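Chemist: Pasting in a structure now, in structure tokens, and then I'll have a few things to ask.
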Amino acid sequence: MAPSPNTQAIEKNRPIVISGPSGAGKSTILKKLFTEFPDKFGFSVSHTTRSPRPGELDGREYHFTSPETFLQMVSDDAFIEHAQFGGNRYGTSIAAVESIASTGRICILDIELEGVKQVASHKTFPRPFFLFLAPPSLDVLEERLRARATDNEDAIQKRLAQAKVEMDFAERGEIHDQVVVNEDLEKAYNEVRRFVEERVGV
Ligand SMILES: Nc1ncnc2c1ncn2[C@@H]1O[C@H](COP(=O)(O)OP(=O)(O)OP(=O)(O)O)[C@@H](O)[C@H]1O
């Protein structure tokens with residue numbers, strides 16, 4: 001398949017994939033990065049088969065897509081990663097990443113482990129940079145999830161079990177270029193910023 005001009009944009013502005021257990025601090029650190037560099041980064045708009053909620057706009061929160069179109073896009077390899085949650089499908093399209101890269105911004109992708117594996121083995125998508133954000137330990141992660149107070153007990157236990165799987169995987173270094181441990185927030189933020197600076201400049 002011939003690369004489209006915008007795949008060249010992705011090659012020039014290679015995306016950064018940040019992954020790590022729920023509660024590791026990805027949103028907290030990305031918020032700091034976007035605040036410090038407001039014009040440098042962007043989030044892509046994902047596709048979903050779920051219905052829009054009140055106030056959500058097609059093309060802003062998500063590209064709202066029929067199941068048929070979604071499956072067609074899957075067979076066309078149009079997604080860099082896709083998954084099913086709660087009966088709905090979600091995916092990140094190459095085109096959505098291109099639309100960030102072609103404005104000269106670096107697309108930041110916050111995706112979970114299965115998605116990371118799909119991105120890393122995609123046939124045509126240029127390899128992004130992979131950063132893993134880890135909590136100092138599962139005990140600290142548990143404390144933070146409880147302090148965040150957004151999950152019930154069952155959800156916390158599921159997140160902790162999944163966190164162990166993700167941390168074991170990242171330690172093997174099969175995909176991730178670097179692991180940053182988020183113990184002290186400022187220190188972790190500076191490490192993430194250095195990782196980004198070294199790869200894409202800021
Ligand atoms: N270094 C830190 N020390 C103490 N608390 C922290 C630190 N970093 C983040 N937190 C807190 O931990 C909680 C989880 O962080 P956050 O919501 O950013 O995680 P996340 O990785 O984005 O999770 P999710 O994947 O579920 O969205 C938040 O309440 C946040 O304020």
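As shown in the structure tokens, the chain order sets the letters A, B, ...; within each chain, residues go from 1, and ligands are also counted from 1 in the order they appear.
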Do you have, as a tab-separated table, the list of residues of chain A lying at most 7 Å from ligand 1, each with its nearest atom pair and that distance in Å to one decimal, counting only C-alpha atoms and all ligand atoms and ordered by chain then number?
Modeler:
```
residue	atom	partner	partner_atom_place_in_ligand_line	distance
A:Gly20	CA	ligand 1	21 (O)	6.4
A:Pro21	CA	ligand 1	21 (O)	6.0
A:Ser22	CA	ligand 1	25 (O)	3.5
A:Gly23	CA	ligand 1	19 (O)	3.5
A:Ala24	CA	ligand 1	21 (O)	4.0
A:Gly25	CA	ligand 1	18 (O)	3.3
A:Lys26	CA	ligand 1	21 (O)	3.8
A:Ser27	CA	ligand 1	22 (O)	3.6
A:Thr28	CA	ligand 1	18 (O)	3.8
A:Ile29	CA	ligand 1	18 (O)	6.6
A:Arg144	CA	ligand 1	12 (O)	4.7
A:Leu145	CA	ligand 1	13 (C)	6.0
A:Ala147	CA	ligand 1	29 (O)	6.2
A:Arg148	CA	ligand 1	29 (O)	4.1
A:Asn182	CA	ligand 1	1 (N)	5.0
A:Glu183	CA	ligand 1	1 (N)	4.6
A:Asp184	CA	ligand 1	1 (N)	4.4
A:Leu185	CA	ligand 1	1 (N)	3.5
```
Chemist: Can you spit out the residues from that selection as a PDB file, in the first residue's frame, using C-alpha atoms?
Modeler:
```pdb
ATOM      1  CA  GLY A  20       0.136   2.015  32.423  1.00  0.00           C
ATOM      2  CA  PRO A  21      -2.308   0.721  34.987  1.00  0.00           C
ATOM      3  CA  SER A  22      -5.446   2.608  35.784  1.00  0.00           C
ATOM      4  CA  GLY A  23      -4.518   4.971  38.617  1.00  0.00           C
ATOM      5  CA  ALA A  24      -0.805   5.144  37.695  1.00  0.00           C
ATOM      6  CA  GLY A  25      -1.219   8.866  37.055  1.00  0.00           C
ATOM      7  CA  LYS A  26      -1.373   9.107  33.236  1.00  0.00           C
ATOM      8  CA  SER A  27      -4.088  11.789  33.138  1.00  0.00           C
ATOM      9  CA  THR A  28      -2.394  13.761  35.913  1.00  0.00           C
ATOM     10  CA  ILE A  29       0.934  13.818  34.064  1.00  0.00           C
ATOM     11  CA  ARG A 144      -4.372   5.978  45.151  1.00  0.00           C
ATOM     12  CA  LEU A 145      -7.371   4.246  43.611  1.00  0.00           C
ATOM     13  CA  ALA A 147      -8.186   8.035  47.481  1.00  0.00           C
ATOM     14  CA  ARG A 148      -9.430   8.896  43.973  1.00  0.00           C
ATOM     15  CA  ASN A 182       5.373   7.662  39.398  1.00  0.00           C
ATOM     16  CA  GLU A 183       6.373   7.922  43.044  1.00  0.00           C
ATOM     17  CA  ASP A 184       7.060  11.620  43.424  1.00  0.00           C
ATOM     18  CA  LEU A 185       4.830  13.438  40.913  1.00  0.00           C
TER      19      LEU A 185
END
```
Chemist: Pick out the residues sitting within 12 Å of A:Val192, and hand them over as a PyMOL selection string; count only C-alpha atoms, and ignore anything fewer than 3 positions along from it in its own chain.
Modeler: chain A and resi 16-19+25-26+28-30+32-33+129-134+177-182+185-189+195-199
Chemist: Restrict the selected residues to N, CA and C atoms and save them as a CSV table (one decimal), in the first residue's frame.
Modeler:
```csv
chain,number,residue,atom,x,y,z
A,16,ILE,N,3.3,9.6,20.6
A,16,ILE,CA,3.8,9.0,21.8
A,16,ILE,C,2.6,8.2,22.4
A,17,VAL,N,2.9,7.0,22.7
A,17,VAL,CA,1.9,6.1,23.3
A,17,VAL,C,2.2,6.1,24.8
A,18,ILE,N,1.3,6.5,25.7
A,18,ILE,CA,1.5,6.4,27.1
A,18,ILE,C,0.5,5.3,27.6
A,19,SER,N,1.1,4.3,28.3
A,19,SER,CA,0.2,3.3,28.9
A,19,SER,C,0.6,3.1,30.3
A,25,GLY,N,-1.4,7.4,37.1
A,25,GLY,CA,-1.2,8.9,37.1
A,25,GLY,C,-1.1,9.4,35.6
A,26,LYS,N,-1.5,8.7,34.6
A,26,LYS,CA,-1.4,9.1,33.2
A,26,LYS,C,-2.1,10.4,33.0
A,28,THR,N,-3.0,12.7,35.1
A,28,THR,CA,-2.4,13.8,35.9
A,28,THR,C,-1.1,14.3,35.2
A,29,ILE,N,-0.3,13.4,34.7
A,29,ILE,CA,0.9,13.8,34.1
A,29,ILE,C,0.7,14.4,32.7
A,30,LEU,N,-0.3,13.9,31.9
A,30,LEU,CA,-0.5,14.5,30.6
A,30,LEU,C,-1.1,15.9,30.8
A,32,LYS,N,-0.4,18.0,33.0
A,32,LYS,CA,0.8,18.9,33.3
A,32,LYS,C,1.5,19.2,32.0
A,33,LEU,N,1.7,18.2,31.2
A,33,LEU,CA,2.4,18.4,29.9
A,33,LEU,C,1.6,19.3,28.9
A,129,PHE,N,6.5,6.1,19.8
A,129,PHE,CA,7.4,5.9,21.0
A,129,PHE,C,6.5,5.4,22.1
A,130,PHE,N,6.9,4.4,22.8
A,130,PHE,CA,6.1,3.8,23.9
A,130,PHE,C,6.6,4.1,25.3
A,131,LEU,N,5.8,4.7,26.1
A,131,LEU,CA,6.2,5.0,27.4
A,131,LEU,C,5.3,4.3,28.4
A,132,PHE,N,5.8,3.7,29.4
A,132,PHE,CA,4.9,3.0,30.4
A,132,PHE,C,5.1,3.8,31.7
A,133,LEU,N,3.9,4.1,32.3
A,133,LEU,CA,3.9,4.8,33.6
A,133,LEU,C,3.5,3.8,34.6
A,134,ALA,N,4.4,3.5,35.6
A,134,ALA,CA,4.1,2.5,36.6
A,134,ALA,C,3.9,3.2,38.0
A,177,ASP,N,9.6,1.6,25.3
A,177,ASP,CA,11.0,2.2,25.2
A,177,ASP,C,11.5,2.6,26.6
A,178,GLN,N,10.6,2.9,27.5
A,178,GLN,CA,11.0,3.4,28.8
A,178,GLN,C,9.8,3.2,29.8
A,179,VAL,N,10.2,2.9,31.0
A,179,VAL,CA,9.3,2.8,32.1
A,179,VAL,C,9.6,3.9,33.1
A,180,VAL,N,8.6,4.7,33.4
A,180,VAL,CA,8.7,5.8,34.4
A,180,VAL,C,7.9,5.4,35.6
A,181,VAL,N,8.5,5.4,36.8
A,181,VAL,CA,7.8,5.1,38.0
A,181,VAL,C,7.3,6.4,38.7
A,182,ASN,N,6.0,6.4,38.8
A,182,ASN,CA,5.4,7.7,39.4
A,182,ASN,C,5.3,7.6,40.9
A,185,LEU,N,5.5,13.0,42.2
A,185,LEU,CA,4.8,13.4,40.9
A,185,LEU,C,5.8,14.3,40.1
A,186,GLU,N,6.4,15.3,40.8
A,186,GLU,CA,7.3,16.2,40.0
A,186,GLU,C,8.4,15.5,39.3
A,187,LYS,N,9.0,14.5,40.0
A,187,LYS,CA,10.1,13.7,39.5
A,187,LYS,C,9.6,12.9,38.3
A,188,ALA,N,8.5,12.3,38.4
A,188,ALA,CA,7.9,11.5,37.3
A,188,ALA,C,7.6,12.4,36.1
A,189,TYR,N,7.0,13.5,36.4
A,189,TYR,CA,6.7,14.4,35.3
A,189,TYR,C,7.9,14.8,34.6
A,195,PHE,N,11.7,12.3,28.4
A,195,PHE,CA,11.5,11.2,27.4
A,195,PHE,C,10.9,11.9,26.1
A,196,VAL,N,9.9,12.7,26.3
A,196,VAL,CA,9.3,13.4,25.1
A,196,VAL,C,10.2,14.3,24.4
A,197,GLU,N,11.0,15.1,25.2
A,197,GLU,CA,11.9,16.1,24.6
A,197,GLU,C,13.0,15.3,23.8
A,198,GLU,N,13.5,14.2,24.3
A,198,GLU,CA,14.5,13.5,23.6
A,198,GLU,C,14.1,12.9,22.3
A,199,ARG,N,12.8,12.6,22.2
A,199,ARG,CA,12.3,11.9,21.0
A,199,ARG,C,11.7,12.9,20.0
```
Chemist: What are the nearest atom pairs, with distances in Å to one decimal, for all residues of stretch 70-108 of chain A that come at most 9 Å from stretch 39-50 of chain A, using only C-alpha atoms, set out by chain and rising residue number as CSV?
Modeler:
```
residue,atom,partner,partner_atom,distance
A:Phe70,CA,A:Thr49,CA,7.2
A:His82,CA,A:His47,CA,8.9
A:Gly87,CA,A:Arg50,CA,8.5
A:Asn88,CA,A:Arg50,CA,5.5
A:Arg89,CA,A:Thr49,CA,5.4
A:Tyr90,CA,A:Thr48,CA,4.4
A:Gly91,CA,A:His47,CA,5.2
A:Thr92,CA,A:Ser46,CA,4.8
A:Ser93,CA,A:Ser46,CA,6.8
A:Ala96,CA,A:Ser44,CA,5.4
A:Val97,CA,A:Ser44,CA,5.5
A:Glu98,CA,A:Ser44,CA,8.6
A:Ser99,CA,A:Ser44,CA,7.8
A:Ile100,CA,A:Gly42,CA,6.2
A:Ala101,CA,A:Gly42,CA,8.5
A:Gly104,CA,A:Lys40,CA,7.9
A:Arg105,CA,A:Phe41,CA,5.0
A:Ile106,CA,A:Phe41,CA,4.7
A:Cys107,CA,A:Gly42,CA,4.9
A:Ile108,CA,A:Phe43,CA,5.5
```
Chemist: Produce a file of the selected residues containing C-alpha atoms, as a PDB file, in the first residue's frame.
Modeler:
```
ATOM      1  CA  PHE A  70     -16.774   0.066  12.185  1.00  0.00           C
ATOM      2  CA  HIS A  82      -9.627  -1.229  18.632  1.00  0.00           C
ATOM      3  CA  GLY A  87     -21.082  -4.145  24.198  1.00  0.00           C
ATOM      4  CA  ASN A  88     -19.692  -1.158  22.268  1.00  0.00           C
ATOM      5  CA  ARG A  89     -16.655  -0.920  20.026  1.00  0.00           C
ATOM      6  CA  TYR A  90     -13.969   1.728  20.297  1.00  0.00           C
ATOM      7  CA  GLY A  91     -11.007   2.386  18.047  1.00  0.00           C
ATOM      8  CA  THR A  92      -8.275   4.846  17.142  1.00  0.00           C
ATOM      9  CA  SER A  93      -8.071   5.362  13.387  1.00  0.00           C
ATOM     10  CA  ALA A  96      -7.526  10.533  13.401  1.00  0.00           C
ATOM     11  CA  VAL A  97      -3.831  10.390  14.273  1.00  0.00           C
ATOM     12  CA  GLU A  98      -2.958  11.862  10.874  1.00  0.00           C
ATOM     13  CA  SER A  99      -5.232  14.788  11.426  1.00  0.00           C
ATOM     14  CA  ILE A 100      -3.229  15.709  14.545  1.00  0.00           C
ATOM     15  CA  ALA A 101       0.175  15.025  12.959  1.00  0.00           C
ATOM     16  CA  GLY A 104       2.446  19.728  13.216  1.00  0.00           C
ATOM     17  CA  ARG A 105       1.375  18.509  16.667  1.00  0.00           C
ATOM     18  CA  ILE A 106       2.495  15.331  18.365  1.00  0.00           C
ATOM     19  CA  CYS A 107      -0.400  12.983  18.936  1.00  0.00           C
ATOM     20  CA  ILE A 108      -0.501  11.519  22.442  1.00  0.00           C
TER      21      ILE A 108
END
```
Chemist: Excluding stretch 149-162 of chain A and residues on its chain fewer than 5 positions from it, collect all residues at most 12 Å away from it, counting only C-alpha atoms, and give them as a list in words.
Modeler: Gly20, Pro21, Ser22, Gly23, Ala24, Glu112, Leu113, Glu114, Pro135, Ser137, Leu138, Asp139, Val140, Leu141, Glu142, Glu143, Arg144, Met167, Asp168 and Phe169 of chain A
Chemist: Now that the selection is made, can you save its residues with C-alpha atoms as a short mmCIF file (atom, residue, chain, number, x, y, z; two decimals), in the first residue's frame?
Modeler:
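Result file follows (part-v5.cif):
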```cif
data_model
loop_
_atom_site.label_atom_id
_atom_site.label_comp_id
_atom_site.auth_asym_id
_atom_site.auth_seq_id
_atom_site.Cartn_x
_atom_site.Cartn_y
_atom_site.Cartn_z
CA GLY A 20 0.14 2.02 32.42
CA PRO A 21 -2.31 0.72 34.99
CA SER A 22 -5.45 2.61 35.78
CA GLY A 23 -4.52 4.97 38.62
CA ALA A 24 -0.80 5.14 37.69
CA GLU A 112 -4.36 0.07 27.47
CA LEU A 113 -2.15 -2.96 27.08
CA GLU A 114 -4.07 -4.87 24.39
CA PRO A 135 2.99 3.07 40.20
CA SER A 137 3.95 -0.68 43.93
CA LEU A 138 0.56 -2.37 43.83
CA ASP A 139 -0.03 -1.30 47.45
CA VAL A 140 0.50 2.36 46.59
CA LEU A 141 -1.69 1.96 43.51
CA GLU A 142 -4.45 0.55 45.69
CA GLU A 143 -4.16 3.54 48.07
CA ARG A 144 -4.37 5.98 45.15
CA MET A 167 3.44 -4.25 35.03
CA ASP A 168 4.77 -7.77 34.40
CA PHE A 169 4.47 -7.16 30.67
#
```
Chemist: List every residue of stretch 56-194 of chain A that DSSP, applied to the backbone of this structure, assigns to helix (DSSP H, G or I), and report them as number ranges by chain.
Modeler: A: 67-75, 94-101, 113-120, 138-148, 153-171, 185-194
Chemist: If you run DSSP on the backbone, which residues of chain A are strand (DSSP E), as an MDAnalysis selection string?
Modeler: chainID A and resid 16:19 41:43 46:48 62:64 79:85 88:93 106:110 129:134 178:181
